[in-house]
Amino acid sequence: MLVHDTVSTGRSEADVDQIRLSLQARYDELSAEYEQAVQQSQILRLVEVGDTAGDDQADSGTKTAERDTAQSLLRTILDRRAQYEHALARLQEGTYGWCEGCQAPIPVERLEIFPSATSCVSCKQHRERRAA
């Protein structure tokens, strides 16, 4: 049984199944995107290693920037994938859709826009103000 049962969340088992399928589909998309980005990064490295003859500082700088961009993309994808993994775990536990900060329900509109949200708008704004 879910921690917050279907009466208190307003979700039927069919709704929960639909949410699970949606979250899993996005997780799978991000996993495929990550694998593709890893392959592109490896190709970039192979080209970089094999094509260094006659490089000047501008060439080296461009290659460094490309490498940094590729690494940043990989980190971003992994972070987004971890968010969806966390959302799936919360769904399994029965805490999906509830704010981790104040335990209030996260508005459905927020979850539709950002399915892996773990906080309500109020808690998110409060956290962002403190970080600034």
# chains A, B, ... in the order shown; residues from 1 in each chain; ligands from 1
$ select_by_dssp --residues "range 12-123 of chain A" --states "helix (DSSP H, G or I)" --output "JSON, numbers by chain"
{"A": [13, 14, 15, 16, 17, 18, 19, 20, 21, 22, 23, 24, 25, 26, 27, 28, 29, 30, 31, 32, 33, 34, 35, 36, 37, 38, 39, 40, 41, 42, 43, 44, 45, 46, 47, 48, 49, 50, 57, 58, 59, 60, 61, 62, 63, 64, 65, 66, 67, 68, 69, 70, 71, 72, 73, 74, 75, 76, 77, 78, 79, 80, 81, 82, 83, 84, 85, 86, 87, 88, 89, 90, 91, 92, 93, 108, 109, 110, 111, 112, 113, 121, 122, 123]}
$ residues_around --residues "Leu30 in chain A" --least-positions-apart "2" --cutoff "9 Å" --atoms "only C-alpha atoms" --output "mmCIF file with N, CA, C and O atoms, in the first residue's frame"
data_model
loop_
_atom_site.group_PDB
_atom_site.id
_atom_site.type_symbol
_atom_site.label_atom_id
_atom_site.label_comp_id
_atom_site.auth_asym_id
_atom_site.auth_seq_id
_atom_site.Cartn_x
_atom_site.Cartn_y
_atom_site.Cartn_z
ATOM 1 N N ALA A 25 9.680 5.953 -19.131
ATOM 2 C CA ALA A 25 9.975 6.277 -20.534
ATOM 3 C C ALA A 25 10.997 7.408 -20.622
ATOM 4 O O ALA A 25 11.942 7.348 -21.415
ATOM 5 N N ARG A 26 10.829 8.433 -19.782
ATOM 6 C CA ARG A 26 11.781 9.546 -19.803
ATOM 7 C C ARG A 26 13.145 9.092 -19.290
ATOM 8 O O ARG A 26 14.186 9.499 -19.826
ATOM 9 N N TYR A 27 13.161 8.247 -18.270
ATOM 10 C CA TYR A 27 14.420 7.695 -17.761
ATOM 11 C C TYR A 27 15.134 6.918 -18.878
ATOM 12 O O TYR A 27 16.343 7.075 -19.082
ATOM 13 N N ASP A 28 14.392 6.112 -19.603
ATOM 14 C CA ASP A 28 14.970 5.329 -20.699
ATOM 15 C C ASP A 28 15.501 6.233 -21.810
ATOM 16 O O ASP A 28 16.563 5.976 -22.384
ATOM 17 N N ALA A 32 19.409 6.432 -23.070
ATOM 18 C CA ALA A 32 19.838 6.323 -24.474
ATOM 19 C C ALA A 32 20.615 7.567 -24.890
ATOM 20 O O ALA A 32 21.638 7.466 -25.587
ATOM 21 N N GLU A 33 20.157 8.731 -24.455
ATOM 22 C CA GLU A 33 20.850 9.980 -24.757
ATOM 23 C C GLU A 33 22.251 9.979 -24.147
ATOM 24 O O GLU A 33 23.227 10.413 -24.773
ATOM 25 N N TYR A 34 22.368 9.452 -22.936
ATOM 26 C CA TYR A 34 23.665 9.366 -22.273
ATOM 27 C C TYR A 34 24.606 8.436 -23.048
ATOM 28 O O TYR A 34 25.767 8.785 -23.288
ATOM 29 N N GLU A 35 24.104 7.279 -23.426
ATOM 30 C CA GLU A 35 24.946 6.337 -24.178
ATOM 31 C C GLU A 35 25.422 6.953 -25.487
ATOM 32 O O GLU A 35 26.585 6.787 -25.871
ATOM 33 N N ILE A 77 23.127 15.176 -18.308
ATOM 34 C CA ILE A 77 22.254 14.032 -18.594
ATOM 35 C C ILE A 77 22.195 13.097 -17.394
ATOM 36 O O ILE A 77 21.116 12.627 -17.013
ATOM 37 N N LEU A 78 23.340 12.819 -16.790
ATOM 38 C CA LEU A 78 23.355 11.949 -15.611
ATOM 39 C C LEU A 78 22.535 12.537 -14.462
ATOM 40 O O LEU A 78 21.823 11.815 -13.768
ATOM 41 N N ARG A 80 19.961 14.655 -14.711
ATOM 42 C CA ARG A 80 18.540 14.555 -15.048
ATOM 43 C C ARG A 80 18.053 13.118 -14.914
ATOM 44 O O ARG A 80 16.947 12.869 -14.422
ATOM 45 N N ARG A 81 18.885 12.168 -15.321
ATOM 46 C CA ARG A 81 18.502 10.761 -15.200
ATOM 47 C C ARG A 81 18.360 10.369 -13.722
ATOM 48 O O ARG A 81 17.427 9.655 -13.346
#
$ residues_around --residues "Leu21 in chain A" --least-positions-apart "6" --cutoff "12 Å" --atoms "only C-alpha atoms" --output "ChimeraX atom specification"
/A:14-15,27-28,84,87-88,91,115
$ closest_residue --among "A:Val121, A:Leu44, A:Leu73, A:Leu111" --to "Ser22 in chain A" --atoms "only C-alpha atoms"
A:Leu111
$ atom_distance --atom1 "CA of Cys123 in chain A" --atom2 "CA of Thr95 in chain A"
16.2 Å
$ atom_distance --atom1 "CA of Glu66 in chain A" --atom2 "CA of Ile43 in chain A"
12.0 Å
$ residues_around --residues "Cys102 in chain A" --least-positions-apart "5" --cutoff "10 Å" --atoms "only C-alpha atoms" --output "list in words"
Ser119, Cys120, Ser122 and Cys123 of chain A
$ closest_residue --among "A:Ala117, A:Arg11, A:Ala58, A:Thr64" --to "Glu100 in chain A" --atoms "only C-alpha atoms"
A:Ala117
$ atom_distance --atom1 "CA of Gln24 in chain A" --atom2 "CA of Gln71 in chain A"
24.5 Å
$ closest_atom_pairs --of "range 57-129 of chain A" --to "range 38-41 of chain A" --cutoff "9 Å" --atoms "only C-alpha atoms" --output "Markdown table"
| residue | atom | partner | partner_atom | distance |
| --- | --- | --- | --- | --- |
| A:Arg67 | CA | A:Ser41 | CA | 7.6 |
| A:Ala70 | CA | A:Ser41 | CA | 6.1 |
| A:Gln71 | CA | A:Ser41 | CA | 7.9 |
| A:Leu74 | CA | A:Val38 | CA | 7.2 |
$ write_last_selection --atoms "C-alpha atoms" --output "tab-separated table (two decimals), in the first residue's frame"
chain	number	residue	atom	x	y	z
A	67	ARG	CA	36.00	18.34	-24.43
A	70	ALA	CA	31.05	17.12	-23.92
A	71	GLN	CA	31.81	16.44	-20.23
A	74	LEU	CA	27.36	14.02	-19.81
$ residues_around --residues "Ile106 in chain A" --least-positions-apart "2" --cutoff "7 Å" --atoms "only C-alpha atoms" --output "list of chain:residue names"
A:Gly97, A:Trp98, A:Cys99, A:Ala104, A:Val108, A:Arg110, A:Ser119, A:Cys120
